[in-house]
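In what follows, a single structure is set out as structure tokens and then discussed.
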Amino acid sequence: MGVSDIDFVGRQIVDRIKNNISPSVLGLFDIAVERVDSTSVIKIIVSSGMEKPYYIRNQGRSERGCFIRTGNSVQPMTTQVIDNLYARHRPISLGNIPAPRKGLTFEQLEIYYQAKKLKLNEHFMTSLELLTPDGCDNFVAYMLADENGVSIKVAKYAGKDKVDLIENYEYGYCCLIKATNQVLDRLDVENRTFTKITPKERIEQQMVDRTALREAVINAIVHNDYSRNAVPTIEIFADRITITSYGGLPEGLSRESFFEYCSMPRNRELMRVLRDVGLVEQLDSGMGRILNAYDRNIFKFAGDFLIVTFPFADGFDVTVDDTNVTDGTNLGTNGTNLGTNGTNLGTNGTNLGTNKIVNAIRENPGITLVGIANLTGLSRRTVAREVDALKAEGKLKRIGSTRSGHWEVC
């Protein structure tokens with residue numbers, strides 16, 4: 001039939017789910033709007049939680065509050081089933097683990113929320129569930145704080161094995177959102193675009209599908225089991241990029257369900273924040289984007305580890321001899337000569353250095369000039385000159401102080 005007032009009904013749904021179900025399910029559901037036969041409908045996406053059994057709050061964890069689907073009907077759970085579920089599925093939640101450090105600050109997190117036109121009010125620690133049940137900062141708060149001990153590893157090897165390590169990066173010890181953006185920026189630099197011009201068309205292809213790679217990285221970060229002091233690692237070889245996260249599949253999620261896009265967030269508080277700042281979209285969308293570009297065999301389940309391997313596109317192995325190419329284009333190996341094909345980057349008004357700087361700022365509004373230089377391969381002086389020019393032209397603004405402010409692209 002459709003919904004006439006999408007916003008009002010959407011708010012009703014969110015409020016009823018949020019206020020009437022325990023344990024908290026924030027981060028475990030999405031409300032989306034779709035058009036069906038020119039009619040607006042609301043789609044509710046529900047993922048499987050890890051704190052079963054969930055129950056109607058005012059009925060408690062009892063036969064009147066807990067239900068289970070049996071065939072086409074919904075039946076009350078027996079006391080025995082409730083007790084068994086509670087005993088089996090009570091995981092170590094990051095929300096219940098106290099932060100190992102006191103005096104946390106969240107200036108970086110506030111910048112990312114402001115960039116999405118959202119505001120962190122004085123009660124944000126409670127509304128984002130960044131406190132333990134007894135009111136202390138929890139481990140999710142610790143990972144989102146300006147300073148912490150969590151870092152994501154990115155290693156680059158010269159060949160197809162781990163014998164010759166040529167670069168080793170650590171992105172972290174800061175707000176996890178900032179670290180995630182830094183990792184994605186680094187992979188954008190490494191994931192070069194190769195161009196081949198044929199008599200009929202100009203063909204461009206990246207070594208790895210950018211969208212699929214981005215989704216896999218974010219999945220690894222948001223679903224990693226940080227309670228064991230393990231962090232995701234990303235390894236770049238001559239013929240592939242490998243992403244490894246710790247924790248394997250959550251208990252209760254089968255491999256078949258995993259590939260059917262069934263979501264079961266291990267860290268729902270973290271999932272919610274990443275959705276707020278735009279790193280995660282709908283709960284059921286990420287896996288679909290990966291499997292649109294690659295087969296299931298890129299995933300490997302190895303005990304407590306989930307490994308995703310993206311092979312480079314055919315003919316694009318990277319050897320140590322060409323690792324100094326930083327502009328994403330290999331002009332020689334593919335027979336492409338920009339000059340002979342009448343392409344002059346300068347006459348088209350395109351400044352590759354400026355574009356790289358703007359793209360880096362769009363991905364991470366809180367990035368520093370040194371960070372831009374590291375990501376783009378440009379010198380610190382060049383970055384400062386280009387930034388000054390963009391500001392003079394009114395294309396770039398600095399909001400706040402040099403230390404804690406952020407950029408806005410106009």
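Each chain of the structure tokens is named A, B, ... in the order shown, its residues numbered from 1; ligands are numbered from 1 in display order.
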
List the spatial neighbours of Gln114 in chain A as a short mmCIF file (atom, residue, chain, number, x, y, z; two decimals) with all heavy atoms, in the first residue's frame - criterion: any atom at most 10 Å away, only C-alpha atoms, same-chain residues fewer than 6 positions off excluded.
data_model
loop_
_atom_site.label_atom_id
_atom_site.label_comp_id
_atom_site.auth_asym_id
_atom_site.auth_seq_id
_atom_site.Cartn_x
_atom_site.Cartn_y
_atom_site.Cartn_z
N GLN A 108 38.41 14.16 17.41
CA GLN A 108 38.40 13.61 16.05
C GLN A 108 37.02 13.04 15.72
O GLN A 108 36.50 13.25 14.61
CB GLN A 108 39.48 12.55 15.91
CG GLN A 108 40.90 13.08 16.04
CD GLN A 108 41.93 11.97 16.22
OE1 GLN A 108 41.63 10.80 16.05
NE2 GLN A 108 43.14 12.36 16.61
N LEU A 120 27.43 15.84 18.31
CA LEU A 120 27.59 15.05 19.53
C LEU A 120 27.24 15.96 20.71
O LEU A 120 27.98 16.88 21.03
CB LEU A 120 29.03 14.54 19.66
CG LEU A 120 29.51 13.53 18.61
CD1 LEU A 120 30.95 13.10 18.91
CD2 LEU A 120 28.61 12.31 18.57
N VAL A 277 28.81 7.90 10.36
CA VAL A 277 29.78 8.74 9.65
C VAL A 277 29.93 8.35 8.18
O VAL A 277 30.79 8.88 7.48
CB VAL A 277 31.15 8.73 10.35
CG1 VAL A 277 31.03 9.23 11.78
CG2 VAL A 277 31.78 7.34 10.32
N HIS A 406 39.40 20.94 11.03
CA HIS A 406 39.23 20.06 9.89
C HIS A 406 39.03 20.89 8.63
O HIS A 406 38.81 22.10 8.68
CB HIS A 406 38.03 19.12 10.09
CG HIS A 406 36.71 19.83 10.10
ND1 HIS A 406 36.26 20.55 11.21
CD2 HIS A 406 35.73 19.97 9.16
CE1 HIS A 406 35.08 21.06 10.95
NE2 HIS A 406 34.74 20.73 9.72
#

So which residues touch Ser47 in chain A within 6 Å, counting only C-alpha atoms, skipping near sequence neighbours fewer than 4 positions away, as a ChimeraX atom specification?
-> /A:28,263-264

Keeping only C-alpha atoms, take the residues you just selected and write them out as a JSON list (two decimals), in the first residue's frame.
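Generated file (selection.json):
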[["chain", "number", "residue", "atom", "x", "y", "z"],
["A", 28, "LEU", "CA", 21.55, -4.31, 14.52],
["A", 263, "SER", "CA", 24.61, -9.81, 8.80],
["A", 264, "MET", "CA", 25.65, -10.61, 12.37]]

Name all residues at most 10 Å from range 9-15 of chain A (count only C-alpha atoms; drop same-chain ones fewer than 6 positions away) and give them as a PyMOL selection string.
-> chain A and resi 3+26+29-33+42-44

Counting only C-alpha atoms, figure out which residue out of A:Phe67, A:Tyr169, A:Trp407, A:Phe259 gets nearest to Ile372 in chain A.
->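 Counting only C-alpha atoms, the residue closest to Ile372 in chain A is A:Trp407.
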
Looking only at the backbone, which of the residues in range 167-287 of chain A does DSSP tag as strand (DSSP E), as a list in words?
->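 Answer for range 167-287 of chain A restricted to strand (DSSP E) is Glu167, Asn168, Tyr169, Glu170, Tyr171, Gly172, Thr193, Phe194, Thr195, Lys196, Ile197, Arg202, Ile203, Glu204, Gln205, Gln206, Thr233, Ile234, Glu235, Ile236, Arg240, Ile241, Thr242, Ile243, Thr244, Ser245 and Tyr246 of chain A.
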
What residues in range 218-266 of chain A get the DSSP label helix (DSSP H, G or I)? Please answer as a PyMOL selection string.
-> chain A and resi 218-223+226-228+255-259

Nearest to Ser127 in chain A, chosen from A:Arg289, A:Arg272, A:Arg255, A:Arg192, with only C-alpha atoms counted in the distances =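 Of the candidates, the smallest distance to Ser127 in chain A is held by A:Arg272.
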
Determine, for each residue of range 111-195 of chain A having at least one atom at most 7 Å from an atom of range 200-215 of chain A, the closest pair of atoms and their separation in Å to one decimal, counting only C-alpha atoms; order by chain and ascending number, as CSV.
residue,atom,partner,partner_atom,distance
A:Leu184,CA,A:Arg214,CA,6.7
A:Asn191,CA,A:Met207,CA,5.8
A:Arg192,CA,A:Gln206,CA,5.6
A:Thr193,CA,A:Gln206,CA,4.2
A:Phe194,CA,A:Gln205,CA,5.4
A:Thr195,CA,A:Glu204,CA,4.5

Neighbours of Asp146 in chain A within 10 Å (only C-alpha atoms; same-chain residues fewer than 6 positions away dropped), as a PyMOL selection string?
-> chain A and resi 104-109+172-176+178

Residues from the last selection, N, CA and C atoms, saved as a CSV table (one decimal), in the first residue's frame:
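Saved the output as part.csv:
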chain,number,residue,atom,x,y,z
A,104,LEU,N,39.7,10.0,28.4
A,104,LEU,CA,39.6,9.9,26.9
A,104,LEU,C,39.0,11.2,26.3
A,105,THR,N,39.5,11.6,25.2
A,105,THR,CA,38.9,12.8,24.5
A,105,THR,C,38.4,12.4,23.1
A,106,PHE,N,37.5,13.1,22.5
A,106,PHE,CA,36.8,12.7,21.3
A,106,PHE,C,36.7,13.8,20.2
A,107,GLU,N,37.8,14.6,20.1
A,107,GLU,CA,37.7,15.7,19.2
A,107,GLU,C,37.7,15.2,17.7
A,108,GLN,N,38.4,14.2,17.4
A,108,GLN,CA,38.4,13.6,16.1
A,108,GLN,C,37.0,13.0,15.7
A,109,LEU,N,36.4,12.3,16.6
A,109,LEU,CA,35.1,11.8,16.4
A,109,LEU,C,34.1,12.9,16.2
A,172,GLY,N,46.9,4.0,13.2
A,172,GLY,CA,46.1,3.9,14.5
A,172,GLY,C,46.7,4.8,15.5
A,173,TYR,N,46.5,4.4,16.8
A,173,TYR,CA,46.8,5.1,18.0
A,173,TYR,C,46.0,6.4,18.0
A,174,CYS,N,44.9,6.5,17.2
A,174,CYS,CA,44.0,7.6,17.1
A,174,CYS,C,42.6,7.1,16.9
A,175,CYS,N,41.6,8.0,16.7
A,175,CYS,CA,40.2,7.5,16.5
A,175,CYS,C,40.2,6.5,15.4
A,176,LEU,N,39.5,5.4,15.6
A,176,LEU,CA,39.5,4.3,14.6
A,176,LEU,C,38.9,4.7,13.3
A,178,LYS,N,39.4,7.7,11.9
A,178,LYS,CA,40.5,8.3,11.2
A,178,LYS,C,41.5,7.2,10.7

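Those residues that approach Ala141 in chain A to within 10 Å, counting only C-alpha atoms, are Leu94, Gly95, Pro98, Ala99, Leu104, Thr105, Phe106, Met125, Leu128, Glu129, Leu130, Leu131, Thr132, Asn148, Cys175, Leu176, Glu269 and Leu270 of chain A; same-chain residues fewer than 6 positions away are not listed.
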
All residues 10 Å or closer to Asn364 in chain A, only C-alpha atoms, same chain fewer than 4 positions away omitted, as a list in words =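 Counting only C-alpha atoms, the residues come to Ile111, Tyr112, Ala115, Ile177, Lys178, Ala179, Thr180, Asn181, Gln182, Leu184, Asp185, Val358, Asn359, Ala360, Thr368, Gly371, Ile372, His406 and Trp407 of chain A.
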
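We find CA of Arg16 in chain A and CA of Cys66 in chain A to be spaced 16.3 Å apart.
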
Considering only C-alpha atoms, return as JSON, numbers by chain whatever protein or nucleic-acid residues lie within 10 Å of range 295-298 of chain A, sequence-local ones (same chain, fewer than 5 positions apart) excluded.
-> {"A": [242, 259, 290, 307, 308, 309, 310, 311]}

Can you write just those residues out, C-alpha atoms, as a PDB file, in the first residue's frame?
ATOM      1  CA  THR A 242      45.185 -10.024   1.468  1.00  0.00           C
ATOM      2  CA  PHE A 259      27.379 -15.689   1.636  1.00  0.00           C
ATOM      3  CA  ILE A 290      32.128  -7.833  -2.971  1.00  0.00           C
ATOM      4  CA  ILE A 307      41.140 -14.180   5.171  1.00  0.00           C
ATOM      5  CA  VAL A 308      40.023 -12.322   2.031  1.00  0.00           C
ATOM      6  CA  THR A 309      42.397 -12.422  -0.954  1.00  0.00           C
ATOM      7  CA  PHE A 310      41.948 -10.099  -3.927  1.00  0.00           C
ATOM      8  CA  PRO A 311      44.023 -11.254  -6.929  1.00  0.00           C
TER       9      PRO A 311
END

Between A:Glu34, A:Asp164, A:Asp137, A:Asp188, which is the closest to Glu363 in chain A once you count only C-alpha atoms?
-> A:Asp188
